[in-house]
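Coordinates as given in coords_20.csv (CSV, C-alpha atoms):
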chain,number,residue,atom,x,y,z
A,867,MET,CA,-93.2,3.1,50.7
A,868,GLY,CA,-91.8,5.8,53.0
A,869,GLN,CA,-88.2,5.9,54.2
A,870,ARG,CA,-89.1,4.2,57.4
A,871,SER,CA,-90.1,0.9,55.8
A,872,ASP,CA,-86.9,0.8,53.8
A,873,GLU,CA,-84.7,1.2,56.8
A,874,PRO,CA,-84.3,-2.4,57.9
A,875,VAL,CA,-83.4,-3.4,54.3
A,876,VAL,CA,-80.8,-0.6,54.1
A,877,VAL,CA,-79.2,-1.8,57.4
A,878,THR,CA,-79.1,-5.5,56.4
A,879,ASP,CA,-77.8,-4.5,53.0
A,880,PHE,CA,-75.1,-2.5,54.7
A,881,LEU,CA,-74.2,-5.3,57.0
A,882,ALA,CA,-74.1,-7.8,54.1
A,883,MET,CA,-71.5,-5.8,52.3
A,884,GLY,CA,-72.6,-7.2,49.0
A,885,GLY,CA,-71.7,-10.7,50.1
A,886,TYR,CA,-68.3,-9.8,51.4
A,887,ALA,CA,-69.3,-9.3,55.0
A,888,LEU,CA,-67.1,-12.3,56.1
A,889,TYR,CA,-64.0,-10.4,54.8
A,890,VAL,CA,-64.9,-6.7,55.4
A,891,TRP,CA,-66.1,-6.9,59.0
A,892,PRO,CA,-63.3,-9.1,60.4
A,893,ALA,CA,-60.9,-6.7,58.8
A,894,TYR,CA,-62.5,-3.7,60.5
A,895,GLY,CA,-62.9,-5.7,63.8
A,896,ILE,CA,-59.3,-6.7,64.0
A,897,SER,CA,-58.3,-3.1,63.1
A,898,LEU,CA,-60.5,-1.7,65.9
A,899,ILE,CA,-59.0,-4.0,68.5
A,900,THR,CA,-55.4,-3.3,67.4
A,901,LEU,CA,-55.9,0.4,67.3
A,902,VAL,CA,-57.6,0.6,70.7
A,903,LEU,CA,-55.0,-1.7,72.3
A,904,SER,CA,-52.1,0.4,71.0
A,905,ILE,CA,-53.6,3.4,72.9
A,906,VAL,CA,-54.9,1.6,76.0
A,907,LEU,CA,-51.9,-0.5,76.8
A,908,PRO,CA,-49.4,2.3,77.0
A,909,ILE,CA,-51.8,4.4,79.1
A,910,ARG,CA,-52.2,1.5,81.5
A,911,ARG,CA,-48.5,1.0,81.7
A,912,HIS,CA,-48.1,4.7,82.4
A,913,ASN,CA,-50.6,4.6,85.3
A,914,ARG,CA,-49.0,1.5,86.7
A,915,LEU,CA,-45.6,3.2,86.6
A,916,ARG,CA,-47.0,6.2,88.4
A,917,ALA,CA,-48.5,4.1,91.1
A,918,GLU,CA,-45.3,2.1,91.5
A,919,ILE,CA,-43.1,5.2,91.8
A,920,SER,CA,-45.4,6.9,94.3
A,921,VAL,CA,-45.4,3.7,96.5
A,922,LEU,CA,-41.6,3.7,96.3
A,923,LEU,CA,-41.3,7.4,97.2
A,924,SER,CA,-43.7,7.1,100.1
A,925,GLN,CA,-41.7,4.1,101.4
A,926,ARG,CA,-38.5,6.1,101.2
A,927,ASN,CA,-40.1,9.0,103.0
A,928,GLU,CA,-41.4,6.8,105.8
A,929,GLY,CA,-38.0,5.0,105.9
A,930,GLY,CA,-36.7,7.6,108.3
A,931,SER,CA,-34.9,10.2,106.2
A,932,PRO,CA,-35.4,13.5,108.1
B,1049,MET,CA,-27.3,41.2,71.8
B,1050,ASN,CA,-27.1,38.6,69.0
B,1051,GLN,CA,-25.1,36.4,71.3
B,1052,SER,CA,-27.7,36.5,74.1
B,1053,LYS,CA,-30.5,35.9,71.6
B,1054,ALA,CA,-28.6,32.9,70.2
B,1055,ASN,CA,-28.1,31.6,73.7
B,1056,GLY,CA,-31.8,32.1,74.4
B,1057,TRP,CA,-32.7,30.0,71.4
B,1058,LEU,CA,-30.2,27.3,72.4
B,1059,ARG,CA,-31.6,27.2,75.9
B,1060,ARG,CA,-35.1,26.9,74.5
B,1061,PHE,CA,-34.0,24.0,72.3
B,1062,HIS,CA,-32.4,22.2,75.2
B,1063,GLN,CA,-35.5,22.8,77.3
B,1064,LEU,CA,-37.7,21.4,74.6
B,1065,GLY,CA,-35.7,18.2,74.5
B,1066,SER,CA,-35.5,17.9,78.3
B,1067,PRO,CA,-37.5,15.0,79.8
B,1068,PRO,CA,-39.7,17.1,82.1
B,1069,SER,CA,-40.8,19.5,79.4
B,1070,VAL,CA,-41.4,16.7,76.9
B,1071,TYR,CA,-43.4,14.8,79.5
B,1072,ASP,CA,-45.5,17.8,80.2
B,1073,LEU,CA,-46.0,18.7,76.5
B,1074,ALA,CA,-47.0,15.1,75.7
B,1075,GLN,CA,-49.6,15.3,78.5
B,1076,ARG,CA,-51.0,18.6,77.3
B,1077,LEU,CA,-51.1,17.6,73.6
B,1078,SER,CA,-52.7,14.2,74.1
B,1079,PRO,CA,-56.4,15.3,74.5
B,1080,TRP,CA,-56.2,17.5,71.4
B,1081,VAL,CA,-54.6,14.8,69.2
B,1082,ALA,CA,-57.1,12.2,70.6
B,1083,SER,CA,-60.2,14.3,69.8
B,1084,LEU,CA,-59.0,15.3,66.3
B,1085,CYS,CA,-58.1,11.6,65.6
B,1086,LEU,CA,-61.5,10.3,66.7
B,1087,ILE,CA,-63.4,13.0,64.7
B,1088,LEU,CA,-61.4,12.1,61.6
B,1089,PHE,CA,-62.0,8.4,62.1
B,1090,LEU,CA,-65.7,9.1,62.4
B,1091,VAL,CA,-65.8,11.2,59.2
B,1092,GLY,CA,-63.5,8.9,57.3
B,1093,LEU,CA,-65.5,5.8,58.2
B,1094,THR,CA,-68.8,7.4,57.3
B,1095,GLY,CA,-67.4,8.5,54.0
B,1096,GLY,CA,-65.7,5.2,53.3
B,1097,LEU,CA,-68.4,2.7,54.5
B,1098,ILE,CA,-71.6,4.6,53.7
B,1099,LEU,CA,-71.1,7.5,51.3
B,1100,ALA,CA,-68.6,6.1,48.8
B,1101,PRO,CA,-70.1,4.0,46.0
B,1102,SER,CA,-69.2,0.4,45.5
B,1103,ASP,CA,-66.4,-0.5,43.1
B,1104,TYR,CA,-67.4,-1.6,39.7
B,1105,GLN,CA,-64.9,-4.5,39.7
B,1106,GLN,CA,-64.5,-5.5,43.3
B,1107,GLY,CA,-68.0,-4.7,44.7
B,1108,GLU,CA,-68.1,-3.9,48.4
B,1109,SER,CA,-64.9,-5.8,49.2
B,1110,TYR,CA,-62.8,-2.9,48.2
B,1111,ARG,CA,-64.0,-1.1,51.4
B,1112,ILE,CA,-61.1,-2.8,53.2
B,1113,ILE,CA,-59.0,-0.2,51.4
B,1114,TYR,CA,-59.9,2.3,54.0
B,1115,ILE,CA,-58.0,0.5,56.7
B,1116,HIS,CA,-55.6,-1.5,54.6
B,1117,VAL,CA,-53.9,1.4,52.7
B,1118,PRO,CA,-53.6,3.8,55.7
B,1119,SER,CA,-52.1,1.1,57.8
B,1120,ALA,CA,-49.7,0.1,55.0
B,1121,TRP,CA,-48.6,3.7,54.6
B,1122,LEU,CA,-48.2,4.2,58.3
B,1123,SER,CA,-46.2,1.0,58.6
B,1124,MET,CA,-43.6,2.6,56.3
B,1125,PHE,CA,-43.9,6.1,57.7
B,1126,VAL,CA,-43.3,4.9,61.3
B,1127,TYR,CA,-40.2,3.0,60.1
B,1128,MET,CA,-38.9,6.2,58.4
B,1129,VAL,CA,-39.4,8.1,61.7
B,1130,MET,CA,-37.4,5.3,63.5
B,1131,ALA,CA,-34.6,5.5,60.9
B,1132,VAL,CA,-34.3,9.3,61.4
B,1133,SER,CA,-34.4,9.1,65.2
B,1134,SER,CA,-31.9,6.3,65.1
B,1135,ALA,CA,-29.5,8.4,63.0
B,1136,ILE,CA,-29.9,11.2,65.5
B,1137,THR,CA,-29.3,8.8,68.4
B,1138,LEU,CA,-26.1,7.6,66.8
B,1139,ILE,CA,-24.8,11.0,65.8
B,1140,TRP,CA,-25.8,13.3,68.6
B,1141,ARG,CA,-26.7,10.8,71.3
B,1142,MET,CA,-29.9,12.7,72.0
B,1143,LYS,CA,-32.0,10.9,74.7
B,1144,LEU,CA,-35.3,12.0,73.3
B,1145,ALA,CA,-34.5,10.5,69.8
B,1146,ASP,CA,-33.8,7.2,71.4
B,1147,ILE,CA,-37.1,7.4,73.3
B,1148,VAL,CA,-39.0,8.1,70.0
B,1149,THR,CA,-37.4,5.1,68.3
B,1150,ARG,CA,-38.2,2.7,71.2
B,1151,ALA,CA,-41.7,4.1,71.5
B,1152,SER,CA,-42.4,3.9,67.7
B,1153,ALA,CA,-41.4,0.2,67.2
B,1154,PRO,CA,-44.5,-1.5,68.7
B,1155,ILE,CA,-46.8,1.0,67.0
B,1156,GLY,CA,-45.2,0.4,63.7
B,1157,ALA,CA,-45.4,-3.3,64.2
B,1158,ALA,CA,-49.1,-3.0,64.9
B,1159,TYR,CA,-49.7,-1.1,61.6
B,1160,THR,CA,-47.6,-3.7,59.7
B,1161,PHE,CA,-49.6,-6.5,61.3
B,1162,LEU,CA,-52.9,-4.7,60.2
B,1163,ALA,CA,-51.7,-4.1,56.7
B,1164,LEU,CA,-50.9,-7.8,56.4
B,1165,VAL,CA,-54.1,-9.1,58.0
B,1166,THR,CA,-56.4,-6.8,56.2
B,1167,GLY,CA,-54.6,-7.4,52.9
B,1168,SER,CA,-55.1,-11.1,53.5
B,1169,LEU,CA,-58.8,-10.6,54.1
B,1170,TRP,CA,-59.0,-8.7,50.9
B,1171,GLY,CA,-56.9,-11.1,48.9
B,1172,LYS,CA,-59.0,-14.1,49.7
B,1173,PRO,CA,-62.1,-13.0,47.9
B,1174,MET,CA,-60.2,-11.2,45.1
B,1175,TRP,CA,-57.3,-13.5,44.4
B,1176,GLY,CA,-58.7,-16.7,45.9
B,1177,THR,CA,-55.9,-17.0,48.4
B,1178,TRP,CA,-55.0,-15.6,51.8
B,1179,TRP,CA,-51.3,-15.4,51.0
B,1180,VAL,CA,-48.8,-15.6,48.2
B,1181,TRP,CA,-45.1,-15.1,48.3
B,1182,ASP,CA,-45.3,-12.1,46.1
B,1183,ALA,CA,-42.7,-9.3,46.3
B,1184,ARG,CA,-45.0,-6.7,47.9
B,1185,LEU,CA,-46.4,-9.2,50.6
B,1186,THR,CA,-43.0,-10.7,51.3
B,1187,SER,CA,-41.2,-7.3,51.7
B,1188,GLU,CA,-44.1,-6.1,54.0
B,1189,LEU,CA,-43.6,-9.3,56.1
B,1190,ILE,CA,-39.9,-8.5,56.3
B,1191,LEU,CA,-40.9,-5.1,57.7
B,1192,LEU,CA,-42.8,-6.8,60.5
B,1193,PHE,CA,-39.8,-8.9,61.3
B,1194,LEU,CA,-37.6,-5.7,61.3
B,1195,TYR,CA,-39.9,-4.1,63.9
B,1196,LEU,CA,-40.0,-7.3,66.0
B,1197,GLY,CA,-36.3,-7.8,65.6
B,1198,TYR,CA,-35.6,-4.3,66.8
B,1199,MET,CA,-37.8,-4.8,69.9
B,1200,ALA,CA,-36.2,-8.2,70.7
B,1201,LEU,CA,-32.7,-6.8,70.2
B,1202,VAL,CA,-33.2,-3.7,72.4
B,1203,SER,CA,-34.9,-5.7,75.2
B,1204,SER,CA,-32.2,-8.4,75.2
B,1205,ILE,CA,-29.3,-6.1,75.9
B,1206,ASP,CA,-29.1,-5.0,79.6
B,1207,ASP,CA,-27.0,-1.9,79.2
B,1208,ARG,CA,-29.4,0.8,78.0
B,1209,ARG,CA,-26.9,2.8,75.9
B,1210,THR,CA,-25.5,-0.3,74.1
B,1211,ALA,CA,-29.1,-1.5,73.5
B,1212,SER,CA,-30.0,1.9,72.0
B,1213,ARG,CA,-27.0,1.9,69.7
B,1214,ALA,CA,-27.4,-1.6,68.5
B,1215,GLY,CA,-31.1,-1.0,67.9
B,1216,ALA,CA,-30.3,2.2,66.0
B,1217,VAL,CA,-27.9,0.4,63.7
B,1218,LEU,CA,-30.4,-2.4,63.0
B,1219,ALA,CA,-33.1,0.2,62.3
B,1220,LEU,CA,-30.8,2.0,59.8
B,1221,VAL,CA,-29.8,-1.1,58.0
B,1222,GLY,CA,-33.4,-2.1,57.6
B,1223,VAL,CA,-34.2,1.2,55.8
B,1224,ILE,CA,-33.2,-0.6,52.5
B,1225,ASN,CA,-36.5,-2.5,52.8
B,1226,LEU,CA,-38.6,0.7,52.4
B,1227,PRO,CA,-37.9,1.4,48.7
B,1228,ILE,CA,-38.2,-2.3,48.0
B,1229,ILE,CA,-41.7,-2.3,49.5
B,1230,HIS,CA,-42.7,0.8,47.6
B,1231,PHE,CA,-41.4,-0.2,44.2
B,1232,SER,CA,-42.0,-3.9,44.5
B,1233,VAL,CA,-45.2,-3.7,42.5
B,1234,GLU,CA,-43.3,-2.0,39.6
B,1235,TRP,CA,-40.0,-3.9,39.7
B,1236,TRP,CA,-41.6,-7.4,39.9
B,1237,ASN,CA,-44.6,-8.8,38.2
B,1238,THR,CA,-46.8,-9.2,41.3
B,1239,LEU,CA,-50.3,-10.2,42.1
B,1240,HIS,CA,-50.7,-7.1,44.3
B,1241,GLN,CA,-52.3,-4.3,42.3
B,1242,GLY,CA,-50.2,-1.3,41.3
B,1243,PRO,CA,-50.4,2.1,43.0
B,1244,THR,CA,-53.7,3.9,42.7
B,1245,VAL,CA,-53.1,7.0,44.7
B,1246,THR,CA,-49.4,7.7,44.8
B,1247,LYS,CA,-49.0,7.7,41.0
B,1248,PHE,CA,-47.4,10.8,39.8
B,1249,ASP,CA,-50.1,11.4,37.1
B,1250,GLN,CA,-53.8,11.4,37.9
B,1251,PRO,CA,-54.7,9.0,40.6
B,1252,SER,CA,-56.9,6.2,39.2
B,1253,ILE,CA,-59.6,6.4,41.8
B,1254,ALA,CA,-62.8,8.5,42.0
B,1255,ALA,CA,-62.9,11.5,44.3
B,1256,SER,CA,-65.8,10.1,46.3
B,1257,MET,CA,-63.6,7.1,47.1
B,1258,LEU,CA,-60.3,9.0,47.4
B,1259,ILE,CA,-61.4,11.7,49.9
B,1260,PRO,CA,-62.5,9.2,52.7
B,1261,LEU,CA,-59.2,7.4,52.1
B,1262,LEU,CA,-57.1,10.5,52.6
B,1263,ILE,CA,-59.2,11.3,55.7
B,1264,MET,CA,-58.6,7.8,57.1
B,1265,ALA,CA,-54.8,8.2,56.4
B,1266,LEU,CA,-54.8,11.4,58.4
B,1267,ALA,CA,-56.8,9.7,61.2
B,1268,PHE,CA,-54.1,6.9,61.3
B,1269,GLN,CA,-51.4,9.5,61.3
B,1270,LEU,CA,-53.0,11.2,64.4
B,1271,HIS,CA,-53.5,7.8,65.9
B,1272,TYR,CA,-49.7,7.3,65.6
B,1273,VAL,CA,-49.0,10.6,67.3
B,1274,TRP,CA,-51.5,9.8,70.1
B,1275,ALA,CA,-50.0,6.3,70.7
B,1276,LEU,CA,-46.5,7.8,70.5
B,1277,LEU,CA,-47.2,10.5,73.1
B,1278,ALA,CA,-48.6,7.8,75.4
B,1279,ARG,CA,-45.6,5.6,75.0
B,1280,ILE,CA,-43.2,8.5,75.3
B,1281,ARG,CA,-44.7,9.5,78.6
B,1282,SER,CA,-44.3,6.0,80.2
B,1283,GLU,CA,-40.8,5.6,78.6
B,1284,ILE,CA,-39.7,8.9,80.2
B,1285,LEU,CA,-41.2,8.1,83.6
B,1286,ASP,CA,-39.5,4.7,83.5
B,1287,THR,CA,-36.0,6.0,82.7
B,1288,GLU,CA,-36.3,9.1,85.0
B,1289,ARG,CA,-37.9,7.5,88.0
B,1290,ARG,CA,-35.0,8.3,90.3
B,1291,THR,CA,-34.8,12.0,89.4
B,1292,ALA,CA,-35.9,14.9,91.5
B,1293,TRP,CA,-38.5,16.2,89.0
B,1294,VAL,CA,-40.3,12.9,89.0
B,1295,SER,CA,-40.6,12.9,92.8
B,1296,ASP,CA,-41.7,16.5,92.7
B,1297,LEU,CA,-44.3,15.5,90.1
B,1298,MET,CA,-45.6,12.7,92.3
B,1299,SER,CA,-45.8,14.8,95.4
B,1300,GLN,CA,-47.7,17.4,93.5
B,1301,SER,CA,-50.3,14.9,92.2
B,1302,SER,CA,-50.8,13.0,95.4
Could the structure of this file be written out as structure tokens, please?
Amino acid sequence: MGQRSDEPVVVTDFLAMGGYALYVWPAYGISLITLVLSIVLPIRRHNRLRAEISVLLSQRNEGGSP
Amino acid sequence: MNQSKANGWLRRFHQLGSPPSVYDLAQRLSPWVASLCLILFLVGLTGGLILAPSDYQQGESYRIIYIHVPSAWLSMFVYMVMAVSSAITLIWRMKLADIVTRASAPIGAAYTFLALVTGSLWGKPMWGTWWVWDARLTSELILLFLYLGYMALVSSIDDRRTASRAGAVLALVGVINLPIIHFSVEWWNTLHQGPTVTKFDQPSIAASMLIPLLIMALAFQLHYVWALLARIRSEILDTERRTAWVSDLMSQSS
């Protein structure tokens, strides 16, 4: 009767997307993956570059320049 | 006095475009852009998936609109940015413009890919097919090939300046595709539905559906800025790795 007992129905209804769950959720899933990757990949490349450059610099400094 | 003021502005302008200050600015802007972007996504998704009513013709399937339309808009907007920065690269040979073009291409390709895939997932239940060679779909697919073509061309030429100029010419020639995408639903009799939001008269969509869509569009816009800033930073670091300011930066941080 109360709101509590309705909750599971509301959630399954929401997930069912009126019978279009097989189209709506994959669309959102692929979007999430693509949007996250387009942020994470450049940040990882940036960090990798920083690490690479610091290694090169420290090698150069050890390499005997006064 | 006027002279010195003008010189001051000119110096500012040059500083603004110099790699160290752009790198620094990108770093400081990122967290703000990122937080605003995430908040807008949260609000937009709540509005679009939960609060907005279902469509009287398309039922719940229309909710794909909240990612399909923003990614389609952004797929064209990013190309426009690339065209402008390409023109600046060709005319003034500004380094930063070239960096923006290079950094934008993969992001634009991602939005175009999303527009095509989410459109396909929407088309299947509504039209009964994943794909048709309709004018809107075909011109959007050509946009994806333009992005990929730009990236392939630029990475295949070893000399950086030649690569930038060749890429800029390709990006500018490809601009012709943008009006074709936009007007395709009016010029040709297509399966793709006509514009609902960007019509000049009243948009044919209820406010409770439209507002989440506009918020999602803004969220995507900020996502582009966020991704662009991240790519600009690594692009600058890569091209400037042998300069003094980069070694200074590294010694400061370690």
Show me, as a PDB file with C-alpha atoms, keeping the file's coordinate frame, the residues that have an atom within 12 Å of Thr1210 of chain B when counting all atoms listed in the file, minus same-chain residues fewer than 4 positions from it.
ATOM      1  CA  THR B1137     -29.300   8.800  68.400  1.00  0.00           C
ATOM      2  CA  LEU B1138     -26.100   7.600  66.800  1.00  0.00           C
ATOM      3  CA  ARG B1141     -26.700  10.800  71.300  1.00  0.00           C
ATOM      4  CA  ASP B1146     -33.800   7.200  71.400  1.00  0.00           C
ATOM      5  CA  LEU B1201     -32.700  -6.800  70.200  1.00  0.00           C
ATOM      6  CA  VAL B1202     -33.200  -3.700  72.400  1.00  0.00           C
ATOM      7  CA  SER B1203     -34.900  -5.700  75.200  1.00  0.00           C
ATOM      8  CA  SER B1204     -32.200  -8.400  75.200  1.00  0.00           C
ATOM      9  CA  ILE B1205     -29.300  -6.100  75.900  1.00  0.00           C
ATOM     10  CA  ASP B1206     -29.100  -5.000  79.600  1.00  0.00           C
ATOM     11  CA  ALA B1214     -27.400  -1.600  68.500  1.00  0.00           C
ATOM     12  CA  GLY B1215     -31.100  -1.000  67.900  1.00  0.00           C
ATOM     13  CA  ALA B1216     -30.300   2.200  66.000  1.00  0.00           C
ATOM     14  CA  VAL B1217     -27.900   0.400  63.700  1.00  0.00           C
TER      15      VAL B1217
END
Pull out every residue of chain A that has at least one atom within 9 Å of chain B, counting all atoms listed in the file, and report them as a CSV table (one decimal) with C-alpha atoms, in the coordinates of the input.
chain,number,residue,atom,x,y,z
A,880,PHE,CA,-75.1,-2.5,54.7
A,883,MET,CA,-71.5,-5.8,52.3
A,884,GLY,CA,-72.6,-7.2,49.0
A,885,GLY,CA,-71.7,-10.7,50.1
A,886,TYR,CA,-68.3,-9.8,51.4
A,887,ALA,CA,-69.3,-9.3,55.0
A,888,LEU,CA,-67.1,-12.3,56.1
A,889,TYR,CA,-64.0,-10.4,54.8
A,890,VAL,CA,-64.9,-6.7,55.4
A,891,TRP,CA,-66.1,-6.9,59.0
A,892,PRO,CA,-63.3,-9.1,60.4
A,893,ALA,CA,-60.9,-6.7,58.8
A,894,TYR,CA,-62.5,-3.7,60.5
A,896,ILE,CA,-59.3,-6.7,64.0
A,897,SER,CA,-58.3,-3.1,63.1
A,900,THR,CA,-55.4,-3.3,67.4
A,901,LEU,CA,-55.9,0.4,67.3
A,904,SER,CA,-52.1,0.4,71.0
A,905,ILE,CA,-53.6,3.4,72.9
A,906,VAL,CA,-54.9,1.6,76.0
A,907,LEU,CA,-51.9,-0.5,76.8
A,908,PRO,CA,-49.4,2.3,77.0
A,909,ILE,CA,-51.8,4.4,79.1
A,911,ARG,CA,-48.5,1.0,81.7
A,912,HIS,CA,-48.1,4.7,82.4
A,913,ASN,CA,-50.6,4.6,85.3
A,915,LEU,CA,-45.6,3.2,86.6
A,916,ARG,CA,-47.0,6.2,88.4
A,919,ILE,CA,-43.1,5.2,91.8
A,920,SER,CA,-45.4,6.9,94.3
A,923,LEU,CA,-41.3,7.4,97.2
> Using only C-alpha atoms, which residue out of B:Ala1211, B:Leu1261, B:Ala1183, B:Ala1267 lies closest to Leu1090 of chain B?
Replying inline: B:Ala1267
>> If we count all atoms listed in the file and set the cut-off at 12 Å, which residues sit around Ser1134 of chain B, ignoring sequence neighbours fewer than 3 positions away in its own chain? Please answer as a ChimeraX atom specification.
In response: /B:1127-1131,1137-1153,1198,1211-1223
Export of the given selection (C-alpha atoms) as a PDB file, keeping the file's coordinate frame:
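Result file follows (out14.pdb):
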ATOM      1  CA  TYR B1127     -40.200   3.000  60.100  1.00  0.00           C
ATOM      2  CA  MET B1128     -38.900   6.200  58.400  1.00  0.00           C
ATOM      3  CA  VAL B1129     -39.400   8.100  61.700  1.00  0.00           C
ATOM      4  CA  MET B1130     -37.400   5.300  63.500  1.00  0.00           C
ATOM      5  CA  ALA B1131     -34.600   5.500  60.900  1.00  0.00           C
ATOM      6  CA  THR B1137     -29.300   8.800  68.400  1.00  0.00           C
ATOM      7  CA  LEU B1138     -26.100   7.600  66.800  1.00  0.00           C
ATOM      8  CA  ILE B1139     -24.800  11.000  65.800  1.00  0.00           C
ATOM      9  CA  TRP B1140     -25.800  13.300  68.600  1.00  0.00           C
ATOM     10  CA  ARG B1141     -26.700  10.800  71.300  1.00  0.00           C
ATOM     11  CA  MET B1142     -29.900  12.700  72.000  1.00  0.00           C
ATOM     12  CA  LYS B1143     -32.000  10.900  74.700  1.00  0.00           C
ATOM     13  CA  LEU B1144     -35.300  12.000  73.300  1.00  0.00           C
ATOM     14  CA  ALA B1145     -34.500  10.500  69.800  1.00  0.00           C
ATOM     15  CA  ASP B1146     -33.800   7.200  71.400  1.00  0.00           C
ATOM     16  CA  ILE B1147     -37.100   7.400  73.300  1.00  0.00           C
ATOM     17  CA  VAL B1148     -39.000   8.100  70.000  1.00  0.00           C
ATOM     18  CA  THR B1149     -37.400   5.100  68.300  1.00  0.00           C
ATOM     19  CA  ARG B1150     -38.200   2.700  71.200  1.00  0.00           C
ATOM     20  CA  ALA B1151     -41.700   4.100  71.500  1.00  0.00           C
ATOM     21  CA  SER B1152     -42.400   3.900  67.700  1.00  0.00           C
ATOM     22  CA  ALA B1153     -41.400   0.200  67.200  1.00  0.00           C
ATOM     23  CA  TYR B1198     -35.600  -4.300  66.800  1.00  0.00           C
ATOM     24  CA  ALA B1211     -29.100  -1.500  73.500  1.00  0.00           C
ATOM     25  CA  SER B1212     -30.000   1.900  72.000  1.00  0.00           C
ATOM     26  CA  ARG B1213     -27.000   1.900  69.700  1.00  0.00           C
ATOM     27  CA  ALA B1214     -27.400  -1.600  68.500  1.00  0.00           C
ATOM     28  CA  GLY B1215     -31.100  -1.000  67.900  1.00  0.00           C
ATOM     29  CA  ALA B1216     -30.300   2.200  66.000  1.00  0.00           C
ATOM     30  CA  VAL B1217     -27.900   0.400  63.700  1.00  0.00           C
ATOM     31  CA  LEU B1218     -30.400  -2.400  63.000  1.00  0.00           C
ATOM     32  CA  ALA B1219     -33.100   0.200  62.300  1.00  0.00           C
ATOM     33  CA  LEU B1220     -30.800   2.000  59.800  1.00  0.00           C
ATOM     34  CA  VAL B1221     -29.800  -1.100  58.000  1.00  0.00           C
ATOM     35  CA  GLY B1222     -33.400  -2.100  57.600  1.00  0.00           C
ATOM     36  CA  VAL B1223     -34.200   1.200  55.800  1.00  0.00           C
TER      37      VAL B1223
END
> Which distance in Å separates atom CA of Met1257 of chain B and atom CA of Ala1100 of chain B, to one decimal?
Replying inline: 5.4 Å
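You will find atom CA of Ala1255 of chain B at 21.8 Å from atom CA of Cys1085 of chain B.
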> So how many Å separate atom CA of Trp1181 of chain B and atom CA of His1240 of chain B, to one decimal?
Replying inline: 10.6 Å
